[in-house]
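Enquirer: This is the structure, below, for whatever I ask next.
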Amino acid sequence: MSAEGGLTTAGYIQHHLTNLRVGEGFWALHLDTLIVSGLLGLVVFGLMAKVAGKATSGVPGNLQMFIELVVGMVDQQVKDTFHGKSALVTPLAITIFVWVFVMNAMDLIPVDFLPVAASAVGVHYLKVVPTTDPNLTFAMALTVFGIMIWMNLKVKGFGGYMHEIFTAPFGAKLAPVNFIFRVVEDVAKPISLALRLFGNMYAGEMVFILIALLGLYQLPLALPWALFHILIITLQAFVFMMLTIVYMSMAAESH
Amino acid sequence: MSINATLIGQAIWFAIFIWITMKYVWPPLQQAMAERQKQIADGLAAAERGKQEQELAAKHAADALRTAKEKASEVIAVAEKRAQQIVEDAKGQAKVEADKVVSGAKAEIEQEVERAKQQLRERVAELAVAGAEKILKKEVNAAAHSDMLTSLKQGL
């Protein structure tokens with residue numbers, strides 16, 4: 001903690017919550033979010049692809065068994081909830097669960113380890129947990145939103161989709177009301193997805209930072225919070241995945 | 001918190017990872033899992049079939065054993081009957097043989113008796129002649145008395 005001695009409490013917190021940014025205005029990039037999430041994704045999905053490429057239907061090795069366990073759990077959720085036929089939904093759900101989980105898990109690394117290591121090599125700002133950046137959560141939520149609309153169009157066709165938007169749930173006579181309802185319903189989906197993940201992880205990170213401010217007393221506090229946080233990490237990854245599956249199944253079925 | 005171009009970058013990362021999962025992670029894993037499931041199902045079915053076959057074989061074996069036992073007892077019964085018959089036959093033959101021997105012996109004895117009688121007759125005539133010679137102290141002409149001797153022989 002307080003490795004940057006001389007900082008105020010507010011300054012310490014502020015420092016931890018500042019992204020490594022290049023550029024100005026809208027075209028600014030949060031390099032730490034992009035690099036950490038990208039590296040984690042490349043490592044995890046590269047490993048999964050490597051294991052999957054050598055996957056045997058015989059007795060699986062430990063790593064293959066573990067990956068099959070995770071992938072099989074996600075697939076079971078998809079089978080239980082999504083009744084349409086799509087080659088996309090299961091890979092999408094797997095990607096979300098695994099990626100969000102590993103990004104959230106960065107929270108378990110003590111808050112000062114990586115920023116201090118980074119400042120030692122001249123990088124002064126580093127926000128380690130990518131899911132505490134709303135850019136990431138909104139990017140995922142909007143991508144899911146786009147896939148959802150694509151799924152609607154693919155399953156129902158343009159006519160069918162429009163018909164559903166303007167006639168459900170009150171019938172053709174109340175078409176404007178139906179439309180407004182539908183817009184509110186659909187816009188709420190990506191916003192709730194993005195803000196739920198962001199809020200949970202941001203708050204969790206904030207608690208870690210506050211605990212880190214306590215000096216030596218952080219030791220008996222950081223551990224139980226980290227243990228609780230394991231639940232939050234997994235739960236948020238699961239919720240994001242589950243809601244995505246639900247939205248996909250709503251898109252693939254008529255009202 | 002500020003929304004900026006990072007969002008676009010993250011969406012690209014997300015799309016790349018979805019593509020990797022869709023192309024390189026999920027299909028081979030799904031195939032391997034489905035294949036293993038099928039192998040296990042086949043194995044269980046084969047085990048079930050094997051068990052049924054074994055039960056069937058056990059039933060066959062029991063049937064065969066019972067048939068064999070029935071046949072064996074039949075054979076034993078036939079053999080016993082045959083043995084009894086043989087014994088009966090042997091007894092009958094022996095009796096016939098014995099009867100034959102007995103009757104032969106009887107006939108022989110009768111013959112012997114007859115012969116002895118004959119000899120006796122001959123000897124009686126001689127004795128009578130000898131006795132008469134002694135009585136008469138003179139030779140008697142046997143031929144002269146042959147009629148009387150013959151009648152004597154027949155009278156015995």
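Ligands are numbered from 1 in the order shown, residues from 1 within each chain, and chains are lettered A, B, ... in the order they appear in the structure tokens.
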Would you list the contacts of Met106 (chain A) as a list in words, taking every protein, DNA or RNA residue within 9 Å and counting only C-alpha atoms, but skipping same-chain residues closer than 6 positions in sequence?
Expert: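 Counting only the stated atoms, we get Val128, Val129 and Pro130 of chain A.
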Enquirer: Let me see the file: selected residues, N, CA, C and O atoms, as a short mmCIF file (atom, residue, chain, number, x, y, z; two decimals), in the first residue's frame.
Expert:
data_model
loop_
_atom_site.label_atom_id
_atom_site.label_comp_id
_atom_site.auth_asym_id
_atom_site.auth_seq_id
_atom_site.Cartn_x
_atom_site.Cartn_y
_atom_site.Cartn_z
N VAL A 128 -5.86 -2.34 -13.27
CA VAL A 128 -5.56 -3.73 -13.64
C VAL A 128 -6.80 -4.50 -14.07
O VAL A 128 -6.72 -5.37 -14.93
N VAL A 129 -7.96 -4.19 -13.45
CA VAL A 129 -9.15 -5.02 -13.73
C VAL A 129 -9.92 -4.41 -14.91
O VAL A 129 -10.55 -3.37 -14.76
N PRO A 130 -9.87 -5.05 -16.07
CA PRO A 130 -10.51 -4.44 -17.25
C PRO A 130 -12.02 -4.26 -17.09
O PRO A 130 -12.58 -3.35 -17.66
#
Enquirer: Set the cut-off to 12 Å and count only C-alpha atoms: what are the residues of chain B that reach chain A? Output as a PyMOL selection string.
Expert: chain B and resi 1-40
Enquirer: I'd like to know which residues of region 36-255 of chain A are alpha helix (DSSP H) (by DSSP, run on the backbone); could you write them as a PyMOL selection string?
Expert: chain A and resi 36-53+62-81+89-105+113-120+134-167+175-212+218-252
Enquirer: Extract, using only C-alpha atoms, all DNA, RNA and protein residues at most 12 Å from region 241-245 of chain A, discarding same-chain residues fewer than 2 positions from it, and format them as a ChimeraX atom specification.
Expert: /A:73-84,86,88-101,140-148,151,189-190,192-194,196-197,234-239,247-252
Enquirer: Grab the CA of Asn104 (chain A) to CA of Leu195 (chain A) distance for me, in Å with one decimal place.
Expert: 14.4 Å
Enquirer: Please indicate the distance in Å from CA of Val111 (chain A) to CA of Leu20 (chain A), rounded to one decimal place.
Expert: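 CA of Val111 (chain A) sits 15.6 Å away from CA of Leu20 (chain A).
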